[in-house]
Amino acid sequence: MRDPRYDILFEPVKIGPVTAKNRFFQVPHCNGMGHGMPESHAAMREVKAEGGWAVVSTEECEIHPSGDVSPYVEARLWDDHDIPALKLMCDKVHAHGGLAAVELTHNGPTASNLFSREVLIAPSHQPSKYGYPAQARGMDMEDIRNYRRWHREAAIRGKKAGFDIIYVYAAHDLSLAMHFLQKRRNHRTDEYGGSLENRARLLKEVLIDTKEAVGDTCGVALRFAVDELIGAGGITVEEAKDVVAMVAEIPDLWDVNLAAWYNDSIPSRFAPEGAQEPFINWVKSLTTKPVVGVGRFTSPDTMVSQIRRGVIDMIGAARPSIADPFLPKKIEDGRVEDIRECIGCNICVSGDMTITPIRCTQNPSMGEEWRKGWHPDRIRKAESDARILVVGAGPAGLEATRALGSRGYEVHLAEATRVLGGRVDREAKLPGLAEWGRVRDWRVGQIDKLTNVSVYRESPLAADDILEFGASHVVVATGSRWRADAFGRSAHAPVISEGTPNVLTPDDIMDGAALKGHVVIYDDDYFYMASVMAEVAAKAGCSVTLVTSDDTVASWSSNTLDYRHIMKRLHKVGVKMLPSLSLTGWDGAKAAFEHSWSGAEEVVSGDIIIPVTMRLPNDGLYLDLKARAADWADAGIASVKVIGDAEAPGLIAHAVYAGHRYAQELDGPDRGEVKFRRHLHTAVTP
Ligand code: ADP
Ligand code: SF4
């Protein structure tokens, strides 16, 4: 039974000619599958509808080959051949009573046309943003007429595919309707340039075109960026207010957010839940149409508050719907404590960036609904009465325990320390990373409810203990530790010999080691940890130099939209950054580096060095057990497996996935070498 305080979340909302059954709106989000993997895409959207989202949207949907965003794989409605792939999604969303929405776009100068090889088009001549370093040509009146026609035709195709809501997209600095609004991209002197009214003309026309084309049966939504946060060079809130006033009642729904994507999907390290409220809270005062907003909402109280205070009408969500496709249903069923809350790590974004199926730290089934048959809220029952011992309660061990326990196995989880969570518990104490603790909290909460699971804290196990325990299967999830010798990508051999003074690893810092004076951080890892160490040191009052073997700090973090925020933060706290330098030595007071390109030696003095290079698996226990394989049968052990960081250190997402996969595959069918369904689109065009 749901809490009556949340009743308001389940009120229907009229969106033009269609009605959403509640206020939960899965806004468009990329997923790395798009038109390339339609079955996977449809199955992923289906679980959202099944989980109670009243509206389930596609990602960006290209309307024409001249707006091709390759190599990114988004949705596509170039012509009628693209309809069946999206019909698949619509049918699945409808089967659960949801409305399907499609976000039509022509990305103009922010397309790439890498695939189509068409010449890019833009409001005015300008450099391309993606693809080759070529230029987009300024559109003439014929181009504008064509663009409007392509958009109309794509809207009709969307309606044919079964979509209930057709989006006009003017957000994220990614679509022509927005580019015409931007003074920096639109230097026209005709009726489409100059005054704001002129710059907004195309947006207004496309909205009216779309209404005329499909508005009889489809709701028409406008996704609109209210601020680019770059000052006068971009769309500012002042201009945005005028635009909203100009077209206020034309769309059937306003979906408003910040641009660019890194501001919209800002990582939790840099902004809390509901952070967009002050930027969008005026929109409702200018329109009577329903307003959708996002803010990584996972708390039903925050959602209710935003609705009651008139900030938004519908709870927009991409990430919270990825981390828990069943979020609405859990609120409806009075299972709020079961919500698997998004941690704001943006590993989901990396699927789009790397053009591979979406993955999620919290939800290991994300992207695997079709190809592995994994479901975010159900798992098949145990197929034996096996008794399983899991060693180590980090994300890998916790997820294995939870999922095996949910299947009904008798599970025993042994953890060396008093606390559960492993690296997540430790990293969540670092600046900005508190929400990562949700990986631990959700799993511990679920495990607590399982009567078939026993948890033993302060129980460091050795091989003898395990052989005595009498488990049918043993899962070793003992984690990893950061190397102190600075070996990593850029070194051919360990750089710092054991016993050299004033060396601290990230583990030492997380254990509370004191910092002093000038701290040198050496980043050969390229993700978040070195920048977090720099923040810790700066907060401790130290002067900090962050040296990296790469040509820029934290380069991989662009895949999670962290990069710009990390750079700004490091500049703000006064961290000095030195790129393109590989560590060659540390004598306790001086670090020597070799420059990647000049080969010159550089020396940086410091009181402490923190090498952030790579981790070593804690695989001693696993190797001991392997060495005693001859004793397993007598101990009743059928298998011993090492998972997560203890096998090969990686992301928290890798550890969760490894734990989940172990639980899914136990007693499962042998699927041979390829352990998942493939997209076999074997039809050959005649
Ligand atoms: P992962 O990311 O793979 O889950 P973590 O490093 O987060 O790995 O977690 C590993 C956990 O295993 C830590 O909490 C650690 O205390 C625990 N652990 C390590 N060795 C043992 C052991 N021999 N017995 C029990 N627990 C262990
Ligand atoms: Fe949230 Fe991280 Fe999952 Fe993305 S990957 S939905 S940010 S938990």
# chains A, B, ... in the order shown; residues from 1 in each chain; ligands from 1
>>> residues_near_ligand(ligand="ligand 2", cutoff="10 Å", atoms="only C-alpha atoms and all ligand atoms", output="number ranges by chain")
A: 265-268, 296, 317-325, 340-351, 358-364, 366, 435-436, 438-439, 560, 652-653
>>> residues_near_ligand(ligand="ligand 1", cutoff="7 Å", atoms="only C-alpha atoms and all ligand atoms", output="PyMOL selection string")
chain A and resi 391-397+414-417+420-424+459-462+477-480+618+621+643-646+652+655
>>> write_last_selection(atoms="N, CA and C atoms", output="short mmCIF file (atom, residue, chain, number, x, y, z; two decimals), in the first residue's frame")
data_model
loop_
_atom_site.label_atom_id
_atom_site.label_comp_id
_atom_site.auth_asym_id
_atom_site.auth_seq_id
_atom_site.Cartn_x
_atom_site.Cartn_y
_atom_site.Cartn_z
N VAL A 391 33.11 -14.50 0.26
CA VAL A 391 34.15 -13.92 1.11
C VAL A 391 34.44 -12.50 0.64
N GLY A 392 34.13 -11.52 1.49
CA GLY A 392 34.37 -10.11 1.14
C GLY A 392 33.06 -9.41 0.83
N ALA A 393 32.82 -8.30 1.55
CA ALA A 393 31.54 -7.59 1.41
C ALA A 393 31.71 -6.24 0.74
N GLY A 394 32.51 -6.20 -0.32
CA GLY A 394 32.55 -5.01 -1.17
C GLY A 394 31.38 -5.09 -2.14
N PRO A 395 31.36 -4.22 -3.16
CA PRO A 395 30.25 -4.26 -4.10
C PRO A 395 30.07 -5.61 -4.78
N ALA A 396 31.17 -6.31 -5.07
CA ALA A 396 31.05 -7.62 -5.74
C ALA A 396 30.42 -8.64 -4.79
N GLY A 397 30.96 -8.72 -3.59
CA GLY A 397 30.45 -9.71 -2.64
C GLY A 397 29.03 -9.40 -2.20
N ALA A 414 31.07 -13.58 4.58
CA ALA A 414 32.08 -13.30 5.60
C ALA A 414 32.87 -12.06 5.21
N GLU A 415 32.98 -11.11 6.13
CA GLU A 415 33.71 -9.87 5.87
C GLU A 415 34.76 -9.68 6.96
N ALA A 416 35.98 -9.36 6.51
CA ALA A 416 37.10 -9.25 7.45
C ALA A 416 36.90 -8.12 8.47
N THR A 417 36.33 -7.02 8.02
CA THR A 417 36.24 -5.85 8.90
C THR A 417 34.86 -5.76 9.56
N LEU A 420 30.48 -3.16 6.23
CA LEU A 420 30.18 -3.74 4.93
C LEU A 420 30.34 -2.65 3.88
N GLY A 421 30.64 -3.06 2.67
CA GLY A 421 30.74 -2.08 1.58
C GLY A 421 32.10 -2.03 0.92
N GLY A 422 33.14 -2.52 1.59
CA GLY A 422 34.47 -2.55 0.97
C GLY A 422 34.88 -1.18 0.46
N ARG A 423 35.32 -1.12 -0.76
CA ARG A 423 35.85 0.13 -1.32
C ARG A 423 34.79 1.22 -1.37
N VAL A 424 33.54 0.82 -1.52
CA VAL A 424 32.47 1.81 -1.61
C VAL A 424 32.34 2.55 -0.28
N SER A 459 35.33 -11.15 10.28
CA SER A 459 35.62 -12.56 10.03
C SER A 459 36.57 -12.74 8.87
N PRO A 460 37.85 -12.39 9.07
CA PRO A 460 38.81 -12.63 7.98
C PRO A 460 39.02 -14.13 7.81
N LEU A 461 38.80 -14.62 6.62
CA LEU A 461 38.89 -16.06 6.40
C LEU A 461 40.18 -16.42 5.68
N ALA A 462 40.77 -17.53 6.09
CA ALA A 462 41.91 -18.10 5.39
C ALA A 462 41.44 -19.40 4.73
N ALA A 477 35.68 -12.56 -3.10
CA ALA A 477 35.49 -11.17 -3.56
C ALA A 477 36.26 -10.26 -2.60
N THR A 478 37.57 -10.50 -2.55
CA THR A 478 38.39 -9.88 -1.51
C THR A 478 39.02 -8.56 -1.93
N GLY A 479 38.67 -8.06 -3.10
CA GLY A 479 39.04 -6.69 -3.45
C GLY A 479 40.48 -6.49 -3.87
N SER A 480 40.93 -5.26 -3.73
CA SER A 480 42.24 -4.88 -4.25
C SER A 480 42.83 -3.77 -3.40
N ASN A 618 43.65 -8.44 -4.35
CA ASN A 618 43.91 -9.22 -3.13
C ASN A 618 43.53 -10.66 -3.44
N LEU A 621 44.08 -15.27 -1.05
CA LEU A 621 43.17 -16.30 -0.56
C LEU A 621 42.74 -17.21 -1.71
N ILE A 643 35.97 -13.10 -8.04
CA ILE A 643 35.21 -12.10 -8.80
C ILE A 643 35.59 -10.68 -8.37
N GLY A 644 35.22 -9.73 -9.19
CA GLY A 644 35.38 -8.31 -8.85
C GLY A 644 36.83 -7.88 -8.85
N ASP A 645 37.14 -6.95 -7.97
CA ASP A 645 38.49 -6.38 -7.93
C ASP A 645 39.53 -7.44 -7.59
N ALA A 646 39.13 -8.49 -6.90
CA ALA A 646 40.09 -9.55 -6.55
C ALA A 646 40.51 -10.32 -7.80
N ILE A 652 33.57 0.32 -9.88
CA ILE A 652 32.59 -0.27 -8.96
C ILE A 652 31.54 -1.00 -9.80
N ALA A 655 32.54 -4.48 -10.49
CA ALA A 655 32.42 -5.37 -9.33
C ALA A 655 30.96 -5.80 -9.12
#
>>> atom_distance(atom1="CA of His518 in chain A", atom2="CA of Ala589 in chain A")
10.0 Å
>>> residues_around(residues="Val292 in chain A", least_positions_apart="2", cutoff="12 Å", atoms="only C-alpha atoms", output="PyMOL selection string")
chain A and resi 13+15+23-28+55+221-224+252-257+276-277+280-281+283-284+289-290+294-295+303+306-307+310-318
>>> write_last_selection(atoms="C-alpha atoms", output="JSON list (two decimals), in the first residue's frame")
[["chain", "number", "residue", "atom", "x", "y", "z"],
["A", 13, "VAL", "CA", -1.53, 14.24, -16.59],
["A", 15, "ILE", "CA", -0.46, 15.93, -22.64],
["A", 23, "ARG", "CA", 3.58, 11.88, -13.15],
["A", 24, "PHE", "CA", 6.64, 9.71, -13.80],
["A", 25, "PHE", "CA", 8.31, 10.66, -17.06],
["A", 26, "GLN", "CA", 11.39, 8.88, -18.35],
["A", 27, "VAL", "CA", 12.94, 11.69, -20.34],
["A", 28, "PRO", "CA", 15.06, 10.90, -23.40],
["A", 55, "VAL", "CA", 6.02, 8.04, -20.34],
["A", 221, "ALA", "CA", 6.59, 18.09, -26.38],
["A", 222, "LEU", "CA", 9.33, 20.70, -26.44],
["A", 223, "ARG", "CA", 12.65, 19.93, -24.80],
["A", 224, "PHE", "CA", 14.16, 23.29, -24.07],
["A", 252, "ASP", "CA", 1.48, 20.28, -25.17],
["A", 253, "LEU", "CA", 4.31, 19.78, -22.69],
["A", 254, "TRP", "CA", 7.50, 21.57, -21.68],
["A", 255, "ASP", "CA", 10.55, 19.46, -20.77],
["A", 256, "VAL", "CA", 13.08, 21.96, -19.44],
["A", 257, "ASN", "CA", 16.69, 21.56, -18.41],
["A", 276, "GLN", "CA", 18.10, 22.34, -11.44],
["A", 277, "GLU", "CA", 15.21, 23.77, -9.44],
["A", 280, "ILE", "CA", 13.72, 26.15, -14.08],
["A", 281, "ASN", "CA", 11.32, 27.19, -11.32],
["A", 283, "VAL", "CA", 8.73, 28.09, -16.37],
["A", 284, "LYS", "CA", 5.35, 27.16, -14.93],
["A", 289, "LYS", "CA", 1.00, 23.34, -20.14],
["A", 290, "PRO", "CA", 2.55, 20.60, -17.97],
["A", 294, "VAL", "CA", 14.92, 16.56, -14.01],
["A", 295, "GLY", "CA", 17.20, 16.53, -11.00],
["A", 303, "MET", "CA", 9.32, 14.81, -5.90],
["A", 306, "GLN", "CA", 8.59, 20.03, -6.27],
["A", 307, "ILE", "CA", 5.07, 19.34, -7.50],
["A", 310, "GLY", "CA", 4.60, 24.40, -8.37],
["A", 311, "VAL", "CA", 8.13, 23.86, -9.68],
["A", 312, "ILE", "CA", 7.20, 21.03, -12.07],
["A", 313, "ASP", "CA", 4.20, 18.86, -12.93],
["A", 314, "MET", "CA", 5.97, 15.67, -13.92],
["A", 315, "ILE", "CA", 9.03, 13.98, -12.45],
["A", 316, "GLY", "CA", 11.52, 13.72, -15.27],
["A", 317, "ALA", "CA", 14.25, 11.14, -14.88],
["A", 318, "ALA", "CA", 16.91, 9.49, -16.95]]
>>> closest_residue(among="A:Lys330, A:Arg457, A:His681, A:His64", to="Arg2 in chain A", atoms="only C-alpha atoms")
A:Lys330
>>> select_by_dssp(residues="range 377-479 of chain A", states="strand (DSSP E)", output="compact mmCIF listing (two decimals) with N, CA and C atoms, in the first residue's frame")
# COMPACT_ATOMS: atom_id res chain seq x y z
N ARG A 387 24.84 -24.48 -0.93
CA ARG A 387 25.13 -23.56 0.17
C ARG A 387 26.34 -22.75 -0.28
N ILE A 388 26.21 -21.44 -0.27
CA ILE A 388 27.28 -20.64 -0.89
C ILE A 388 27.96 -19.76 0.14
N LEU A 389 29.28 -19.75 0.08
CA LEU A 389 30.06 -18.87 0.95
C LEU A 389 30.66 -17.76 0.10
N VAL A 390 30.33 -16.52 0.47
CA VAL A 390 30.90 -15.36 -0.21
C VAL A 390 31.90 -14.73 0.74
N VAL A 391 33.11 -14.50 0.26
CA VAL A 391 34.15 -13.92 1.11
C VAL A 391 34.44 -12.50 0.64
N GLU A 410 20.99 -20.72 0.18
CA GLU A 410 21.50 -20.45 1.52
C GLU A 410 22.86 -19.79 1.34
N VAL A 411 22.97 -18.54 1.77
CA VAL A 411 24.19 -17.78 1.50
C VAL A 411 24.82 -17.34 2.82
N HIS A 412 26.14 -17.44 2.86
CA HIS A 412 26.91 -16.99 4.03
C HIS A 412 27.93 -15.97 3.52
N LEU A 413 27.89 -14.78 4.11
CA LEU A 413 28.80 -13.71 3.68
C LEU A 413 29.76 -13.39 4.83
N ALA A 414 31.07 -13.58 4.58
CA ALA A 414 32.08 -13.30 5.60
C ALA A 414 32.87 -12.06 5.21
N VAL A 453 20.08 -15.64 4.36
CA VAL A 453 21.45 -15.12 4.26
C VAL A 453 21.99 -14.82 5.65
N SER A 454 23.21 -15.28 5.93
CA SER A 454 23.88 -14.95 7.20
C SER A 454 25.09 -14.08 6.89
N VAL A 455 25.28 -13.05 7.70
CA VAL A 455 26.42 -12.14 7.49
C VAL A 455 27.32 -12.21 8.72
N TYR A 456 28.61 -12.42 8.48
CA TYR A 456 29.59 -12.49 9.58
C TYR A 456 30.58 -11.36 9.41
N HIS A 473 29.73 -23.94 -2.85
CA HIS A 473 30.43 -23.04 -3.77
C HIS A 473 31.04 -21.91 -2.96
N VAL A 474 32.25 -21.50 -3.36
CA VAL A 474 32.93 -20.41 -2.66
C VAL A 474 33.16 -19.28 -3.67
N VAL A 475 32.79 -18.08 -3.26
CA VAL A 475 33.00 -16.89 -4.10
C VAL A 475 33.99 -15.99 -3.38
N VAL A 476 35.13 -15.76 -4.00
CA VAL A 476 36.15 -14.93 -3.37
C VAL A 476 36.04 -13.52 -3.96
>>> closest_residue(among="A:Asn198, A:Asp242, A:Asn31, A:Asp562", to="Trp261 in chain A", atoms="only C-alpha atoms")
A:Asp562
>>> closest_atom_pairs(of="range 356-379 of chain A", to="range 676-679 of chain A", cutoff="8 Å", atoms="only C-alpha atoms", output="tab-separated table")
residue	atom	partner	partner_atom	distance
A:Trp370	CA	A:Arg677	CA	7.5
A:Arg371	CA	A:Arg677	CA	4.4
A:Lys372	CA	A:Phe676	CA	5.1
>>> residues_around(residues="Gly158 in chain A", least_positions_apart="6", cutoff="12 Å", atoms="only C-alpha atoms", output="PyMOL selection string")
chain A and resi 57-58+61-63+75-87+89-90+100-104+151-152+164-167+210+213-215+217-220
>>> residues_around(residues="Asp352 in chain A", least_positions_apart="3", cutoff="9 Å", atoms="only C-alpha atoms", output="ChimeraX atom specification")
/A:30-33,72-74,348-349,355-358,559
>>> atom_distance(atom1="CA of Val93 in chain A", atom2="CA of Lys48 in chain A")
8.0 Å
>>> select_by_dssp(residues="range 244-306 of chain A", states="helix (DSSP H, G or I)", output="PyMOL selection string")
chain A and resi 244-247+261-264+277-280+283-286+300-306
>>> write_last_selection(atoms="C-alpha atoms", output="PDB file, in the first residue's frame")
ATOM      1  CA  VAL A 244       9.014  30.478 -23.265  1.00  0.00           C
ATOM      2  CA  ALA A 245       6.653  33.458 -23.264  1.00  0.00           C
ATOM      3  CA  MET A 246       6.653  33.553 -27.098  1.00  0.00           C
ATOM      4  CA  VAL A 247       5.643  29.930 -27.630  1.00  0.00           C
ATOM      5  CA  TRP A 261      24.732  17.646 -21.231  1.00  0.00           C
ATOM      6  CA  TYR A 262      27.468  17.949 -18.591  1.00  0.00           C
ATOM      7  CA  ASN A 263      25.361  20.547 -16.793  1.00  0.00           C
ATOM      8  CA  ASP A 264      22.126  18.635 -17.250  1.00  0.00           C
ATOM      9  CA  GLU A 277      15.207  23.771  -9.441  1.00  0.00           C
ATOM     10  CA  PRO A 278      16.533  27.352  -9.207  1.00  0.00           C
ATOM     11  CA  PHE A 279      17.141  27.403 -12.950  1.00  0.00           C
ATOM     12  CA  ILE A 280      13.723  26.148 -14.076  1.00  0.00           C
ATOM     13  CA  VAL A 283       8.732  28.095 -16.372  1.00  0.00           C
ATOM     14  CA  LYS A 284       5.349  27.158 -14.927  1.00  0.00           C
ATOM     15  CA  SER A 285       4.482  30.802 -14.360  1.00  0.00           C
ATOM     16  CA  LEU A 286       4.629  31.401 -18.129  1.00  0.00           C
ATOM     17  CA  PRO A 300       9.504  10.672  -3.284  1.00  0.00           C
ATOM     18  CA  ASP A 301       9.406  13.466  -0.709  1.00  0.00           C
ATOM     19  CA  THR A 302      11.550  15.692  -2.940  1.00  0.00           C
ATOM     20  CA  MET A 303       9.317  14.813  -5.896  1.00  0.00           C
ATOM     21  CA  VAL A 304       6.129  15.668  -4.009  1.00  0.00           C
ATOM     22  CA  SER A 305       7.678  18.875  -2.742  1.00  0.00           C
ATOM     23  CA  GLN A 306       8.592  20.027  -6.268  1.00  0.00           C
TER      24      GLN A 306
END
>>> residues_around(residues="Glu11 in chain A", least_positions_apart="5", cutoff="9 Å", atoms="only C-alpha atoms", output="VMD selection string")
chain A and resid 20 to 23
>>> atom_distance(atom1="CA of Asp550 in chain A", atom2="CA of Ser531 in chain A")
13.5 Å
>>> residues_around(residues="range 538-549 of chain A", least_positions_apart="2", cutoff="7 Å", atoms="only C-alpha atoms", output="list in words")
Ser490, Leu515, Lys516, Gly517, His518, Val519, Val520, Ile521, Tyr522, Asp523, Asp524, Ala534, Glu535, Val536, Asp551, Val553, Val573, Val575, Lys576, Met577, Leu578, Pro579, Ser580, Leu581 and Ser582 of chain A
>>> write_last_selection(atoms="C-alpha atoms", output="PDB file, in the first residue's frame")
ATOM      1  CA  SER A 490      53.603   4.528 -18.214  1.00  0.00           C
ATOM      2  CA  LEU A 515      49.041  15.056   4.857  1.00  0.00           C
ATOM      3  CA  LYS A 516      51.418  17.973   5.224  1.00  0.00           C
ATOM      4  CA  GLY A 517      53.288  20.618   3.261  1.00  0.00           C
ATOM      5  CA  HIS A 518      53.497  20.197  -0.476  1.00  0.00           C
ATOM      6  CA  VAL A 519      51.777  17.098  -1.826  1.00  0.00           C
ATOM      7  CA  VAL A 520      52.662  15.685  -5.237  1.00  0.00           C
ATOM      8  CA  ILE A 521      49.988  13.509  -6.796  1.00  0.00           C
ATOM      9  CA  TYR A 522      50.996  11.373  -9.727  1.00  0.00           C
ATOM     10  CA  ASP A 523      48.125  10.292 -11.981  1.00  0.00           C
ATOM     11  CA  ASP A 524      48.688   7.393 -14.320  1.00  0.00           C
ATOM     12  CA  ALA A 534      44.082  16.486  -4.860  1.00  0.00           C
ATOM     13  CA  GLU A 535      40.900  17.780  -3.273  1.00  0.00           C
ATOM     14  CA  VAL A 536      41.619  15.919  -0.043  1.00  0.00           C
ATOM     15  CA  ASP A 551      48.323  15.127 -21.846  1.00  0.00           C
ATOM     16  CA  VAL A 553      44.306  15.490 -16.097  1.00  0.00           C
ATOM     17  CA  VAL A 573      41.048  24.821  -4.975  1.00  0.00           C
ATOM     18  CA  VAL A 575      45.854  22.702  -7.598  1.00  0.00           C
ATOM     19  CA  LYS A 576      48.807  23.140  -9.943  1.00  0.00           C
ATOM     20  CA  MET A 577      48.585  20.749 -12.898  1.00  0.00           C
ATOM     21  CA  LEU A 578      51.525  19.417 -14.874  1.00  0.00           C
ATOM     22  CA  PRO A 579      50.624  17.171 -17.843  1.00  0.00           C
ATOM     23  CA  SER A 580      52.767  14.902 -20.081  1.00  0.00           C
ATOM     24  CA  LEU A 581      55.198  13.893 -17.350  1.00  0.00           C
ATOM     25  CA  SER A 582      55.949  10.277 -16.433  1.00  0.00           C
TER      26      SER A 582
END
>>> closest_residue(among="A:Ile331, A:Asn146, A:Met353, A:Val336", to="Trp442 in chain A", atoms="only C-alpha atoms")
A:Val336
>>> decode(residues="range 600-616 of chain A", atoms="N, CA, C and O atoms", output="PDB file, in the first residue's frame")
ATOM      1  N   ALA A 600      62.757  15.761 -21.777  1.00  0.00           N
ATOM      2  CA  ALA A 600      63.508  16.476 -20.741  1.00  0.00           C
ATOM      3  C   ALA A 600      63.140  15.983 -19.347  1.00  0.00           C
ATOM      4  O   ALA A 600      62.018  15.537 -19.105  1.00  0.00           O
ATOM      5  N   GLU A 601      64.098  16.062 -18.420  1.00  0.00           N
ATOM      6  CA  GLU A 601      63.809  15.684 -17.040  1.00  0.00           C
ATOM      7  C   GLU A 601      63.257  16.902 -16.307  1.00  0.00           C
ATOM      8  O   GLU A 601      63.710  18.025 -16.515  1.00  0.00           O
ATOM      9  N   GLU A 602      62.246  16.662 -15.479  1.00  0.00           N
ATOM     10  CA  GLU A 602      61.728  17.726 -14.606  1.00  0.00           C
ATOM     11  C   GLU A 602      61.700  17.192 -13.196  1.00  0.00           C
ATOM     12  O   GLU A 602      61.389  16.016 -12.977  1.00  0.00           O
ATOM     13  N   VAL A 603      62.027  18.052 -12.258  1.00  0.00           N
ATOM     14  CA  VAL A 603      62.050  17.628 -10.856  1.00  0.00           C
ATOM     15  C   VAL A 603      61.055  18.483 -10.081  1.00  0.00           C
ATOM     16  O   VAL A 603      61.011  19.704 -10.238  1.00  0.00           O
ATOM     17  N   VAL A 604      60.215  17.798  -9.281  1.00  0.00           N
ATOM     18  CA  VAL A 604      59.251  18.507  -8.438  1.00  0.00           C
ATOM     19  C   VAL A 604      59.503  18.071  -7.004  1.00  0.00           C
ATOM     20  O   VAL A 604      59.468  16.877  -6.696  1.00  0.00           O
ATOM     21  N   SER A 605      59.804  19.040  -6.132  1.00  0.00           N
ATOM     22  CA  SER A 605      60.021  18.698  -4.717  1.00  0.00           C
ATOM     23  C   SER A 605      58.683  18.539  -4.023  1.00  0.00           C
ATOM     24  O   SER A 605      57.700  19.180  -4.395  1.00  0.00           O
ATOM     25  N   GLY A 606      58.659  17.691  -2.999  1.00  0.00           N
ATOM     26  CA  GLY A 606      57.403  17.510  -2.267  1.00  0.00           C
ATOM     27  C   GLY A 606      57.661  16.885  -0.909  1.00  0.00           C
ATOM     28  O   GLY A 606      58.712  16.276  -0.673  1.00  0.00           O
ATOM     29  N   ASP A 607      56.698  17.073  -0.016  1.00  0.00           N
ATOM     30  CA  ASP A 607      56.803  16.428   1.300  1.00  0.00           C
ATOM     31  C   ASP A 607      56.207  15.031   1.271  1.00  0.00           C
ATOM     32  O   ASP A 607      56.579  14.164   2.063  1.00  0.00           O
ATOM     33  N   ILE A 608      55.252  14.846   0.350  1.00  0.00           N
ATOM     34  CA  ILE A 608      54.586  13.542   0.229  1.00  0.00           C
ATOM     35  C   ILE A 608      54.266  13.326  -1.240  1.00  0.00           C
ATOM     36  O   ILE A 608      53.909  14.269  -1.957  1.00  0.00           O
ATOM     37  N   ILE A 609      54.389  12.073  -1.678  1.00  0.00           N
ATOM     38  CA  ILE A 609      53.878  11.738  -3.017  1.00  0.00           C
ATOM     39  C   ILE A 609      52.757  10.716  -2.875  1.00  0.00           C
ATOM     40  O   ILE A 609      52.833   9.818  -2.030  1.00  0.00           O
ATOM     41  N   ILE A 610      51.713  10.915  -3.684  1.00  0.00           N
ATOM     42  CA  ILE A 610      50.617   9.929  -3.734  1.00  0.00           C
ATOM     43  C   ILE A 610      50.567   9.389  -5.163  1.00  0.00           C
ATOM     44  O   ILE A 610      50.055  10.052  -6.068  1.00  0.00           O
ATOM     45  N   PRO A 611      51.115   8.196  -5.395  1.00  0.00           N
ATOM     46  CA  PRO A 611      50.997   7.633  -6.740  1.00  0.00           C
ATOM     47  C   PRO A 611      49.600   7.041  -6.945  1.00  0.00           C
ATOM     48  O   PRO A 611      49.131   6.260  -6.125  1.00  0.00           O
ATOM     49  N   VAL A 612      48.941   7.450  -8.019  1.00  0.00           N
ATOM     50  CA  VAL A 612      47.627   6.887  -8.367  1.00  0.00           C
ATOM     51  C   VAL A 612      47.826   6.235  -9.727  1.00  0.00           C
ATOM     52  O   VAL A 612      47.644   6.863 -10.774  1.00  0.00           O
ATOM     53  N   THR A 613      48.262   4.994  -9.700  1.00  0.00           N
ATOM     54  CA  THR A 613      48.640   4.348 -10.959  1.00  0.00           C
ATOM     55  C   THR A 613      47.775   3.125 -11.261  1.00  0.00           C
ATOM     56  O   THR A 613      47.062   3.099 -12.243  1.00  0.00           O
ATOM     57  N   MET A 614      47.813   2.140 -10.379  1.00  0.00           N
ATOM     58  CA  MET A 614      46.967   0.947 -10.581  1.00  0.00           C
ATOM     59  C   MET A 614      46.812   0.229  -9.254  1.00  0.00           C
ATOM     60  O   MET A 614      47.455   0.577  -8.270  1.00  0.00           O
ATOM     61  N   ARG A 615      45.927  -0.754  -9.258  1.00  0.00           N
ATOM     62  CA  ARG A 615      45.715  -1.537  -8.038  1.00  0.00           C
ATOM     63  C   ARG A 615      46.157  -2.980  -8.256  1.00  0.00           C
ATOM     64  O   ARG A 615      46.244  -3.443  -9.393  1.00  0.00           O
ATOM     65  N   LEU A 616      46.406  -3.656  -7.164  1.00  0.00           N
ATOM     66  CA  LEU A 616      46.740  -5.077  -7.220  1.00  0.00           C
ATOM     67  C   LEU A 616      45.598  -5.854  -6.598  1.00  0.00           C
ATOM     68  O   LEU A 616      45.093  -5.474  -5.535  1.00  0.00           O
TER      69      LEU A 616
END
